[in-house]
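Undergrad: Please read through the structure below; I'll follow up with questions.
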Amino acid sequence: MRCDGARVLRAVLAWLVAAMVVVVLGAPATASADPKAVVSVTVIHAKKGPPHLNAALKPMWDTLRQTFGEKFAYYEILNQASQKVDSGAPVDVKLPNGQRFAAIYNGITPDKGLLRVNVEMGEFRTKVRIHDGGVFFQAGQKHDGGTLIVAVRAMLDKN
Amino acid sequence: MFKTKRNAMRVADGDLPRDALGAAGQAQVAAFAKLSAEVRGVEAARASAGIPDFEMMFAGVEARVEAERREAAEAAQTGWLAGVIGSRPLWVLAPAGAMIMALALGWVLMSGGEPRPDNTCFVDSYDADKGSIFVDQNPDDPAAATVIWVVDEEEG
């Protein structure tokens, strides 16, 4: 009986020590949490027709032209959102059909420092990794004689 | 009579006195005076015919040398750069122009305007209950952005 009590006591102590080790080793990991990021989501209505570029899209013009080439000539912004977010927080915009489009920043990869971004739009889900300041597009939904293009950009918050 | 023709020529030119000359001496002097007159006549005829006068040519050369020396001095007074360019414009302007062209070319090649963003995108997963998904990307061009096309099959 006495032997069993000592064994239980040792087991409890061992668990306590293990818990302390986990807490101590886990503390730096908590301290080095993922940095904040600025995530921008821009809903663009693109179509053929007379050339048009919303003035706010000028900084993105080279990327649009390189990516979509001759597919479209008309680019107008329908909605946009830009927020500084912690890892796990979404940046939402509403599409013209009322659907929610969310870009969720999920921290950075430990090796190359790429930003993980998840996208949710209706039943569609995707997970990507991009460079700091990089942009990618989700496109394909038809709208008013053209196509919806959603640009997602994510950059680490330098402040 | 003169011992040397040289003295006869000097008398004919008036460098030596004509006193106490015999008839032969007088004849010798007269012959040289005549010869001298003929030479002067020929010289005058050449000058009137436009044959270049070497003395005038050398005077012109000296005047030109003097003018260049004066121009160089004035250029040096207006500044070393103007002086250098003024004396040898091609030697200075040609290398300077080549250097400016090389710098401009280097700037264009190195900067390429604004820095191109790296839009490389690694698509780890995608999923949709309906429609088709296409990932359009150009791995050879990091600046070209990835497009994840989600197309409803009904829409085609």
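Residues are referred to by chain and number: the chain letter is A, B, ... according to the order shown in the structure tokens, the number counts from 1 in that chain, and ligands are numbered separately from 1 in the order shown.
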Sorted by chain and rising residue number, list the residues of chain A at most 8 Å from chain B (counting only C-alpha atoms), each with its closest atom pair and distance in Å to one decimal, as a Markdown table.
TA:
| residue | atom | partner | partner_atom | distance |
| --- | --- | --- | --- | --- |
| A:Thr63 | CA | B:Ala144 | CA | 6.2 |
| A:Gln66 | CA | B:Ala144 | CA | 5.9 |
| A:Thr67 | CA | B:Ala144 | CA | 5.5 |
| A:Glu123 | CA | B:Ala128 | CA | 5.4 |
| A:Phe124 | CA | B:Ala128 | CA | 4.3 |
| A:Arg125 | CA | B:Asp127 | CA | 5.1 |
| A:Thr126 | CA | B:Tyr126 | CA | 4.0 |
| A:Lys127 | CA | B:Ser125 | CA | 5.3 |
| A:Val128 | CA | B:Val123 | CA | 4.4 |
| A:Arg129 | CA | B:Phe122 | CA | 5.0 |
| A:Ile130 | CA | B:Cys121 | CA | 4.8 |
| A:His131 | CA | B:Asp118 | CA | 6.5 |
| A:Gly133 | CA | B:Pro117 | CA | 7.3 |
| A:Gly134 | CA | B:Asn119 | CA | 4.5 |
| A:Val135 | CA | B:Asn119 | CA | 5.5 |
| A:Phe136 | CA | B:Thr146 | CA | 5.1 |
| A:Phe137 | CA | B:Val147 | CA | 4.6 |
| A:Gln138 | CA | B:Ile148 | CA | 4.7 |
| A:Ala139 | CA | B:Trp149 | CA | 4.8 |
| A:Gly140 | CA | B:Val150 | CA | 5.1 |
| A:Gln141 | CA | B:Val151 | CA | 6.4 |
| A:Lys142 | CA | B:Glu155 | CA | 7.9 |
Undergrad: With a distance cut-off of 9 Å and only C-alpha atoms, select the neighbouring residues of A:Gly122, excluding the residue or stretch itself and same-chain residues fewer than 4 positions from it, and output the selection as a PyMOL selection string.
TA: (chain A and resi 99-101) or (chain B and resi 128)
Undergrad: Contacts of stretch 24-38 of chain B at 9 Å or less, counting only C-alpha atoms, minus same-chain residues fewer than 6 places along, as a ChimeraX atom specification?
TA: /B:1-2,5,8-13,18
Undergrad: Could the residues in this selection be written to a file with N, CA, C and O atoms, as a short mmCIF file (atom, residue, chain, number, x, y, z; two decimals), in the first residue's frame?
TA:
data_model
loop_
_atom_site.label_atom_id
_atom_site.label_comp_id
_atom_site.auth_asym_id
_atom_site.auth_seq_id
_atom_site.Cartn_x
_atom_site.Cartn_y
_atom_site.Cartn_z
N MET B 1 91.01 96.60 -110.84
CA MET B 1 90.52 95.22 -110.92
C MET B 1 90.41 94.65 -109.51
O MET B 1 91.27 94.87 -108.68
N PHE B 2 89.33 93.92 -109.22
CA PHE B 2 89.12 93.34 -107.87
C PHE B 2 89.78 91.98 -107.79
O PHE B 2 89.85 91.25 -108.77
N LYS B 5 85.43 88.51 -106.79
CA LYS B 5 84.16 89.02 -107.33
C LYS B 5 83.28 89.56 -106.22
O LYS B 5 82.44 90.41 -106.41
N ALA B 8 83.68 93.15 -105.77
CA ALA B 8 83.03 93.88 -106.87
C ALA B 8 81.54 93.98 -106.62
O ALA B 8 80.90 95.02 -106.85
N MET B 9 80.94 92.84 -106.11
CA MET B 9 79.50 92.86 -105.81
C MET B 9 79.17 93.82 -104.69
O MET B 9 78.16 94.53 -104.75
N ARG B 10 80.06 93.91 -103.69
CA ARG B 10 79.79 94.81 -102.58
C ARG B 10 79.88 96.28 -103.02
O ARG B 10 79.10 97.11 -102.58
N VAL B 11 80.82 96.54 -103.95
CA VAL B 11 80.90 97.91 -104.47
C VAL B 11 79.64 98.23 -105.27
O VAL B 11 79.05 99.30 -105.16
N ALA B 12 79.20 97.21 -106.09
CA ALA B 12 77.99 97.43 -106.91
C ALA B 12 76.78 97.67 -106.01
O ALA B 12 75.89 98.46 -106.35
N ASP B 13 76.76 96.99 -104.87
CA ASP B 13 75.62 97.17 -103.94
C ASP B 13 75.77 98.43 -103.09
O ASP B 13 74.87 98.76 -102.30
N ARG B 18 83.38 103.48 -104.29
CA ARG B 18 83.78 103.27 -105.68
C ARG B 18 85.09 104.01 -106.01
O ARG B 18 85.54 104.00 -107.16
#
Undergrad: Can you pull out every residue from chain A that DSSP, working from the backbone, puts in strand (DSSP E or B), and format the result as a VMD selection string?
TA: chain A and resid 37 to 47 52 to 53 74 to 85 90 to 94 100 to 108 115 to 121 124 to 130 135 to 143 146 to 156
Undergrad: Atom CA of A:Asp34 and atom CA of A:Met121 are how many Å apart?
TA: 24.7 Å
Undergrad: Kindly indicate which residue among A:Leu156, A:Ile108, A:Ala89, A:Ile77 lies nearest to A:Ala55, using only C-alpha atoms for the distances.
TA: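 Distance minimum relative to A:Ala55 lands on A:Ile77.
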Undergrad: If you count only C-alpha atoms, which residues fall within 7 Å of A:Ala73, apart from same-chain ones fewer than 5 positions away, as a VMD selection string?
TA: chain A and resid 47 to 52
Undergrad: Would you mind reading off the distance between atom CA of B:Gly41 and atom CA of B:Gly22, one decimal, in Å?
TA: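 One can read the atom CA of B:Gly41 to atom CA of B:Gly22 distance as 28.2 Å.
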Undergrad: Quick one: of A:Ala151, A:Ala103, A:Ala37, A:Asn159, who's nearest to A:Leu57, counting only C-alpha atoms?
TA: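 With only C-alpha atoms as the atom set, the closest residue is A:Ala151.
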Undergrad: Take atom CA of A:Asp86 and atom CA of A:Val39 and report the distance between them in Å, one decimal.
TA: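 Atom-to-atom, atom CA of A:Asp86 to atom CA of A:Val39, that is 10.0 Å.
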